[in-house]
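Undergrad: Sharing query.pdb (PDB, C-alpha atoms) below.
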```pdb
MODEL        1
ATOM      1  CA  MET A 164       0.000   0.000   0.000  1.00  0.00           C
ATOM      2  CA  THR A 165       2.735   2.477   0.959  1.00  0.00           C
ATOM      3  CA  SER A 166       4.700   1.512  -2.155  1.00  0.00           C
ATOM      4  CA  GLN A 167       1.668   2.257  -4.360  1.00  0.00           C
ATOM      5  CA  LEU A 168       1.187   5.670  -2.752  1.00  0.00           C
ATOM      6  CA  LEU A 169       4.868   6.516  -3.226  1.00  0.00           C
ATOM      7  CA  ASP A 170       4.738   5.386  -6.868  1.00  0.00           C
ATOM      8  CA  ARG A 171       1.620   7.482  -7.439  1.00  0.00           C
ATOM      9  CA  ALA A 172       3.249  10.534  -5.845  1.00  0.00           C
ATOM     10  CA  LEU A 173       6.406  10.016  -7.928  1.00  0.00           C
ATOM     11  CA  VAL A 174       4.399   9.733 -11.161  1.00  0.00           C
ATOM     12  CA  GLU A 175       2.388  12.864 -10.395  1.00  0.00           C
ATOM     13  CA  GLU A 176       5.246  15.092  -9.230  1.00  0.00           C
ATOM     14  CA  ALA A 177       7.695  14.008 -11.919  1.00  0.00           C
ATOM     15  CA  THR A 178       5.120  14.437 -14.686  1.00  0.00           C
ATOM     16  CA  LYS A 179       3.977  17.827 -13.368  1.00  0.00           C
ATOM     17  CA  LYS A 180       7.507  19.192 -13.334  1.00  0.00           C
ATOM     18  CA  SER A 181       8.677  17.788 -16.650  1.00  0.00           C
ATOM     19  CA  GLY A 182       7.714  19.807 -19.705  1.00  0.00           C
ATOM     20  CA  LEU A 183       8.198  16.806 -21.976  1.00  0.00           C
ATOM     21  CA  ILE A 184       7.159  13.156 -21.726  1.00  0.00           C
ATOM     22  CA  TRP A 185       8.019  10.201 -23.956  1.00  0.00           C
ATOM     23  CA  VAL A 186       4.914   8.235 -24.929  1.00  0.00           C
ATOM     24  CA  LYS A 187       5.034   4.788 -26.530  1.00  0.00           C
ATOM     25  CA  ALA A 188       1.834   3.337 -27.925  1.00  0.00           C
ATOM     26  CA  PRO A 189       1.597  -0.297 -29.102  1.00  0.00           C
ATOM     27  CA  GLY A 190       3.301  -0.710 -32.483  1.00  0.00           C
ATOM     28  CA  VAL A 191       4.491   2.907 -32.595  1.00  0.00           C
ATOM     29  CA  PRO A 192       7.950   4.212 -31.590  1.00  0.00           C
ATOM     30  CA  ALA A 193       8.148   6.417 -28.506  1.00  0.00           C
ATOM     31  CA  ARG A 194       7.592  10.120 -29.206  1.00  0.00           C
ATOM     32  CA  ALA A 195       8.330  13.198 -27.159  1.00  0.00           C
ATOM     33  CA  LEU A 196       5.136  15.141 -26.367  1.00  0.00           C
ATOM     34  CA  TRP A 197       4.558  18.373 -24.487  1.00  0.00           C
ATOM     35  CA  HIS A 198       1.737  18.091 -21.965  1.00  0.00           C
ATOM     36  CA  VAL A 199       0.095  19.441 -18.842  1.00  0.00           C
ATOM     37  CA  TRP A 200      -0.818  17.539 -15.703  1.00  0.00           C
ATOM     38  CA  HIS A 201      -4.512  18.131 -15.090  1.00  0.00           C
ATOM     39  CA  GLU A 202      -6.846  16.405 -12.619  1.00  0.00           C
ATOM     40  CA  GLY A 203      -4.709  13.293 -12.151  1.00  0.00           C
ATOM     41  CA  ALA A 204      -3.610  12.697 -15.753  1.00  0.00           C
ATOM     42  CA  ALA A 205      -1.254  13.987 -18.420  1.00  0.00           C
ATOM     43  CA  CYS A 206      -3.212  15.825 -21.116  1.00  0.00           C
ATOM     44  CA  VAL A 207      -1.851  16.253 -24.649  1.00  0.00           C
ATOM     45  CA  VAL A 208      -3.203  17.900 -27.789  1.00  0.00           C
ATOM     46  CA  GLY A 209      -2.272  17.023 -31.343  1.00  0.00           C
ATOM     47  CA  ASP A 210      -3.016  15.395 -34.692  1.00  0.00           C
ATOM     48  CA  GLY A 211      -3.891  18.717 -36.291  1.00  0.00           C
ATOM     49  CA  PRO A 212      -1.974  21.037 -38.622  1.00  0.00           C
ATOM     50  CA  GLY A 213       1.066  22.411 -36.801  1.00  0.00           C
ATOM     51  CA  GLU A 214       0.505  20.244 -33.723  1.00  0.00           C
ATOM     52  CA  GLN A 215       2.314  17.184 -32.396  1.00  0.00           C
ATOM     53  CA  PRO A 216       1.418  13.730 -33.787  1.00  0.00           C
ATOM     54  CA  LEU A 217      -0.521  11.401 -31.476  1.00  0.00           C
ATOM     55  CA  ALA A 218       0.004   8.209 -33.496  1.00  0.00           C
ATOM     56  CA  GLY A 219      -1.307   5.107 -31.725  1.00  0.00           C
ATOM     57  CA  LEU A 220      -3.033   7.009 -28.911  1.00  0.00           C
ATOM     58  CA  THR A 221      -6.568   5.759 -29.490  1.00  0.00           C
ATOM     59  CA  ASP A 222      -9.392   5.880 -26.975  1.00  0.00           C
ATOM     60  CA  GLY A 223      -9.187   2.913 -24.574  1.00  0.00           C
ATOM     61  CA  ALA A 224      -5.672   1.855 -25.605  1.00  0.00           C
ATOM     62  CA  GLU A 225      -2.730   1.531 -23.235  1.00  0.00           C
ATOM     63  CA  ALA A 226       0.480   3.532 -23.498  1.00  0.00           C
ATOM     64  CA  GLU A 227       3.806   3.655 -21.707  1.00  0.00           C
ATOM     65  CA  VAL A 228       4.894   7.079 -20.456  1.00  0.00           C
ATOM     66  CA  THR A 229       8.511   7.852 -19.575  1.00  0.00           C
ATOM     67  CA  VAL A 230       9.199  11.013 -17.614  1.00  0.00           C
ATOM     68  CA  ARG A 231      12.571  12.706 -17.698  1.00  0.00           C
ATOM     69  CA  SER A 232      14.202  15.035 -15.222  1.00  0.00           C
ATOM     70  CA  LYS A 233      13.796  18.671 -16.166  1.00  0.00           C
ATOM     71  CA  ASP A 234      17.280  19.436 -14.806  1.00  0.00           C
ATOM     72  CA  LYS A 235      19.456  16.627 -16.156  1.00  0.00           C
ATOM     73  CA  GLY A 236      17.209  15.011 -18.768  1.00  0.00           C
ATOM     74  CA  GLY A 237      17.622  11.512 -17.279  1.00  0.00           C
ATOM     75  CA  ARG A 238      14.769   9.052 -16.853  1.00  0.00           C
ATOM     76  CA  LEU A 239      12.885   9.398 -13.554  1.00  0.00           C
ATOM     77  CA  VAL A 240       9.979   6.988 -13.940  1.00  0.00           C
ATOM     78  CA  THR A 241       8.121   4.969 -16.546  1.00  0.00           C
ATOM     79  CA  TRP A 242       4.413   4.398 -15.949  1.00  0.00           C
ATOM     80  CA  SER A 243       1.512   2.726 -17.718  1.00  0.00           C
ATOM     81  CA  ALA A 244      -1.409   4.836 -18.875  1.00  0.00           C
ATOM     82  CA  ARG A 245      -4.893   4.298 -20.178  1.00  0.00           C
ATOM     83  CA  VAL A 246      -5.691   6.570 -23.116  1.00  0.00           C
ATOM     84  CA  ALA A 247      -8.961   8.507 -22.987  1.00  0.00           C
ATOM     85  CA  GLU A 248      -9.899  10.892 -25.793  1.00  0.00           C
ATOM     86  CA  LEU A 249     -11.925  13.860 -24.584  1.00  0.00           C
ATOM     87  CA  PRO A 250     -14.992  14.716 -26.702  1.00  0.00           C
ATOM     88  CA  SER A 251     -14.590  18.149 -28.270  1.00  0.00           C
ATOM     89  CA  GLY A 252     -16.548  20.824 -26.409  1.00  0.00           C
ATOM     90  CA  SER A 253     -17.301  18.692 -23.326  1.00  0.00           C
ATOM     91  CA  GLU A 254     -16.746  20.109 -19.847  1.00  0.00           C
ATOM     92  CA  ALA A 255     -13.643  17.917 -19.342  1.00  0.00           C
ATOM     93  CA  TRP A 256     -12.307  18.989 -22.768  1.00  0.00           C
ATOM     94  CA  GLN A 257     -12.773  22.684 -21.947  1.00  0.00           C
ATOM     95  CA  ALA A 258     -10.997  22.321 -18.601  1.00  0.00           C
ATOM     96  CA  ALA A 259      -8.061  20.470 -20.204  1.00  0.00           C
ATOM     97  CA  VAL A 260      -7.826  22.970 -23.080  1.00  0.00           C
ATOM     98  CA  ALA A 261      -7.752  25.883 -20.635  1.00  0.00           C
ATOM     99  CA  GLU A 262      -4.633  24.343 -19.060  1.00  0.00           C
ATOM    100  CA  LEU A 263      -3.056  23.334 -22.374  1.00  0.00           C
ATOM    101  CA  LYS A 264      -3.586  26.791 -23.870  1.00  0.00           C
ATOM    102  CA  GLY A 265      -1.356  28.353 -21.215  1.00  0.00           C
ATOM    103  CA  LYS A 266       1.498  25.954 -21.991  1.00  0.00           C
ATOM    104  CA  ARG A 267       1.369  26.071 -25.825  1.00  0.00           C
ATOM    105  CA  LEU A 268       4.378  27.956 -27.130  1.00  0.00           C
ATOM    106  CA  ASN A 269       4.480  29.850 -30.431  1.00  0.00           C
ATOM    107  CA  ALA A 270       0.879  29.238 -31.409  1.00  0.00           C
ATOM    108  CA  PRO A 271       0.152  30.736 -34.822  1.00  0.00           C
ATOM    109  CA  ASP A 272      -3.397  31.778 -33.946  1.00  0.00           C
ATOM    110  CA  GLY A 273      -3.179  32.990 -30.316  1.00  0.00           C
ATOM    111  CA  GLU A 274      -6.615  33.364 -28.736  1.00  0.00           C
ATOM    112  CA  ALA A 275      -8.338  31.442 -31.554  1.00  0.00           C
ATOM    113  CA  MET A 276      -6.318  28.333 -30.687  1.00  0.00           C
ATOM    114  CA  PRO A 277      -9.081  26.520 -28.711  1.00  0.00           C
ATOM    115  CA  ASP A 278     -11.497  26.914 -31.634  1.00  0.00           C
ATOM    116  CA  ARG A 279      -8.925  25.421 -34.016  1.00  0.00           C
ATOM    117  CA  TRP A 280      -8.252  22.566 -31.582  1.00  0.00           C
ATOM    118  CA  ALA A 281     -11.998  21.867 -31.416  1.00  0.00           C
ATOM    119  CA  ARG A 282     -12.234  21.680 -35.233  1.00  0.00           C
ATOM    120  CA  GLU A 283      -8.970  20.025 -36.208  1.00  0.00           C
ATOM    121  CA  CYS A 284      -7.223  18.358 -33.253  1.00  0.00           C
ATOM    122  CA  ARG A 285      -7.646  15.727 -30.577  1.00  0.00           C
ATOM    123  CA  VAL A 286      -7.209  16.203 -26.841  1.00  0.00           C
ATOM    124  CA  VAL A 287      -6.137  13.032 -25.042  1.00  0.00           C
ATOM    125  CA  ARG A 288      -5.795  12.175 -21.353  1.00  0.00           C
ATOM    126  CA  LEU A 289      -3.118   9.693 -20.287  1.00  0.00           C
ATOM    127  CA  GLU A 290      -4.483   8.335 -17.011  1.00  0.00           C
ATOM    128  CA  PRO A 291      -2.032   6.409 -14.784  1.00  0.00           C
ATOM    129  CA  THR A 292      -3.033   2.771 -14.194  1.00  0.00           C
ATOM    130  CA  GLY A 293      -0.895   2.478 -11.063  1.00  0.00           C
ATOM    131  CA  ARG A 294       1.832   0.332 -12.639  1.00  0.00           C
ATOM    132  CA  THR A 295       5.391   1.615 -12.885  1.00  0.00           C
ATOM    133  CA  ALA A 296       8.305  -0.090 -14.615  1.00  0.00           C
ATOM    134  CA  ALA A 297      11.632  -0.798 -12.976  1.00  0.00           C
ATOM    135  CA  LEU A 298      14.508   1.355 -14.174  1.00  0.00           C
ATOM    136  CA  PRO A 299      16.597  -0.477 -16.800  1.00  0.00           C
ATOM    137  CA  ASP A 300      20.164  -1.570 -16.166  1.00  0.00           C
ATOM    138  CA  GLY A 301      21.557  -0.312 -19.464  1.00  0.00           C
ATOM    139  CA  SER A 302      20.904   2.447 -21.929  1.00  0.00           C
ATOM    140  CA  LEU A 303      17.758   2.169 -24.006  1.00  0.00           C
ATOM    141  CA  ALA A 304      19.008   4.679 -26.579  1.00  0.00           C
ATOM    142  CA  GLU A 305      17.536   4.190 -30.041  1.00  0.00           C
ATOM    143  CA  ALA A 306      18.329   5.634 -33.435  1.00  0.00           C
ATOM    144  CA  PRO A 307      16.425   8.866 -34.176  1.00  0.00           C
ATOM    145  CA  LEU A 308      13.205   8.611 -36.170  1.00  0.00           C
ATOM    146  CA  PRO A 309      13.449   9.565 -39.859  1.00  0.00           C
ATOM    147  CA  THR A 310      12.835  13.260 -40.452  1.00  0.00           C
ATOM    148  CA  SER A 311      13.039  15.851 -43.195  1.00  0.00           C
ATOM    149  CA  ALA A 312      15.009  18.183 -40.894  1.00  0.00           C
ATOM    150  CA  THR A 313      18.572  18.955 -41.944  1.00  0.00           C
ATOM    151  CA  THR A 314      21.651  20.289 -40.242  1.00  0.00           C
ATOM    152  CA  ARG A 315      22.704  23.777 -41.081  1.00  0.00           C
ATOM    153  CA  GLU A 316      25.311  24.558 -43.682  1.00  0.00           C
ATOM    154  CA  PRO A 317      28.971  25.221 -42.749  1.00  0.00           C
ATOM    155  CA  ILE A 318      29.661  28.810 -41.766  1.00  0.00           C
ATOM    156  CA  PRO A 319      30.953  31.092 -44.549  1.00  0.00           C
ATOM    157  CA  ALA A 320      34.756  31.359 -44.706  1.00  0.00           C
ATOM    158  CA  GLY A 321      34.750  35.136 -44.176  1.00  0.00           C
ATOM    159  CA  LEU A 322      32.534  35.151 -41.089  1.00  0.00           C
ATOM    160  CA  PRO A 323      35.295  34.732 -38.462  1.00  0.00           C
ATOM    161  CA  ARG A 324      37.157  37.750 -39.889  1.00  0.00           C
ATOM    162  CA  LEU A 325      33.991  39.872 -39.757  1.00  0.00           C
ATOM    163  CA  LEU A 326      33.378  38.904 -36.138  1.00  0.00           C
ATOM    164  CA  LEU A 327      36.986  39.612 -35.117  1.00  0.00           C
ATOM    165  CA  LYS A 328      36.862  43.116 -36.704  1.00  0.00           C
ATOM    166  CA  ARG A 329      33.831  44.006 -34.583  1.00  0.00           C
ATOM    167  CA  ARG A 330      35.597  42.935 -31.389  1.00  0.00           C
ATOM    168  CA  ARG A 331      38.711  44.991 -32.215  1.00  0.00           C
ATOM    169  CA  ARG A 332      36.648  48.173 -32.707  1.00  0.00           C
ATOM    170  CA  LYS A 333      35.169  47.983 -29.215  1.00  0.00           C
TER     171      LYS A 333
ENDMDL
END
```
Starting from the coordinates I provided, produce the structure as structure tokens.
TA:
Amino acid sequence: MTSQLLDRALVEEATKKSGLIWVKAPGVPARALWHVWHEGAACVVGDGPGEQPLAGLTDGAEAEVTVRSKDKGGRLVTWSARVAELPSGSEAWQAAVAELKGKRLNAPDGEAMPDRWARECRVVRLEPTGRTAALPDGSLAEAPLPTSATTREPIPAGLPRLLLKRRRRK
């Protein structure tokens, strides 16, 4: 009983403080998702234009959530979650969206964001089941997922000289 309470407290506090969680749905690689902790669950929004993908997070499914330390980035706890999709416009959806809206960075539409989420996105609750996984012995590092992102080009050859001239003038 005490162990379950400590696990529950660890899941809640770690998830509240971390701005990013890693969510693995069955058959889908783990993805980093921004979230908010609201009324005993991690709430995420996505699957719309310009929002994070929620692949595999279907209503009633199970997911595995890994929470990292905000300071060092290391794994703190991995917990099992039941996925519950909130119906658009419901009271629970509105409460979750009010919290999510405050945490969404660089939204293209500002105050109109909740209306766009209602039309085009899904809001999902990841409710802890009470099960936590033991920390692994080794590294679970995986190769990055394929992406269209590229690294930047090498700096121009003349740039260091331009920067040094500015420093000399001061």
Undergrad: Nearest to Val207 (chain A) among A:Leu249, A:Ala193, A:Ala188, A:Val240, with distances taken over all atoms listed in the file: which residue is it?
TA: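 Distance minimum relative to Val207 (chain A) lands on A:Leu249.
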Undergrad: For Leu169 (chain A), please output as a list in words all residues within 12 Å (counting only C-alpha atoms; exclusion window: fewer than 4 positions along the same chain).
TA: Met164, Thr165, Leu173, Val174, Glu175, Glu176, Ala177, Val240, Gly293, Arg294 and Thr295 of chain A
Undergrad: Go through the shown structure with the PyMOL selection byres ((chain A and resi 290) around 12) and write out the matching residues as an mmCIF file with C-alpha atoms, keeping the file's coordinate frame.
TA:
```
data_model
loop_
_atom_site.group_PDB
_atom_site.id
_atom_site.type_symbol
_atom_site.label_atom_id
_atom_site.label_comp_id
_atom_site.auth_asym_id
_atom_site.auth_seq_id
_atom_site.Cartn_x
_atom_site.Cartn_y
_atom_site.Cartn_z
ATOM 1 C CA ARG A 171 1.620 7.482 -7.439
ATOM 2 C CA VAL A 174 4.399 9.733 -11.161
ATOM 3 C CA GLU A 175 2.388 12.864 -10.395
ATOM 4 C CA THR A 178 5.120 14.437 -14.686
ATOM 5 C CA TRP A 200 -0.818 17.539 -15.703
ATOM 6 C CA HIS A 201 -4.512 18.131 -15.090
ATOM 7 C CA GLU A 202 -6.846 16.405 -12.619
ATOM 8 C CA GLY A 203 -4.709 13.293 -12.151
ATOM 9 C CA ALA A 204 -3.610 12.697 -15.753
ATOM 10 C CA ALA A 205 -1.254 13.987 -18.420
ATOM 11 C CA CYS A 206 -3.212 15.825 -21.116
ATOM 12 C CA VAL A 207 -1.851 16.253 -24.649
ATOM 13 C CA ASP A 222 -9.392 5.880 -26.975
ATOM 14 C CA GLY A 223 -9.187 2.913 -24.574
ATOM 15 C CA ALA A 224 -5.672 1.855 -25.605
ATOM 16 C CA GLU A 225 -2.730 1.531 -23.235
ATOM 17 C CA ALA A 226 0.480 3.532 -23.498
ATOM 18 C CA GLU A 227 3.806 3.655 -21.707
ATOM 19 C CA VAL A 228 4.894 7.079 -20.456
ATOM 20 C CA TRP A 242 4.413 4.398 -15.949
ATOM 21 C CA SER A 243 1.512 2.726 -17.718
ATOM 22 C CA ALA A 244 -1.409 4.836 -18.875
ATOM 23 C CA ARG A 245 -4.893 4.298 -20.178
ATOM 24 C CA VAL A 246 -5.691 6.570 -23.116
ATOM 25 C CA ALA A 247 -8.961 8.507 -22.987
ATOM 26 C CA GLU A 248 -9.899 10.892 -25.793
ATOM 27 C CA LEU A 249 -11.925 13.860 -24.584
ATOM 28 C CA VAL A 287 -6.137 13.032 -25.042
ATOM 29 C CA ARG A 288 -5.795 12.175 -21.353
ATOM 30 C CA LEU A 289 -3.118 9.693 -20.287
ATOM 31 C CA PRO A 291 -2.032 6.409 -14.784
ATOM 32 C CA THR A 292 -3.033 2.771 -14.194
ATOM 33 C CA GLY A 293 -0.895 2.478 -11.063
ATOM 34 C CA ARG A 294 1.832 0.332 -12.639
#
```
Undergrad: Taking all atoms listed in the file into account, name the residue in A:Val286, A:Ala275, A:Val186, A:Ala172 that is nearest to Ala255 (chain A).
TA: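 Ranking A:Val286, A:Ala275, A:Val186, A:Ala172 by distance to Ala255 (chain A), first place goes to A:Val286.
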Undergrad: What is the CA of Cys284 (chain A) to CA of Arg194 (chain A) distance in Å?
TA: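 If I compute the distance from CA of Cys284 (chain A) to CA of Arg194 (chain A), I get 17.4 Å.
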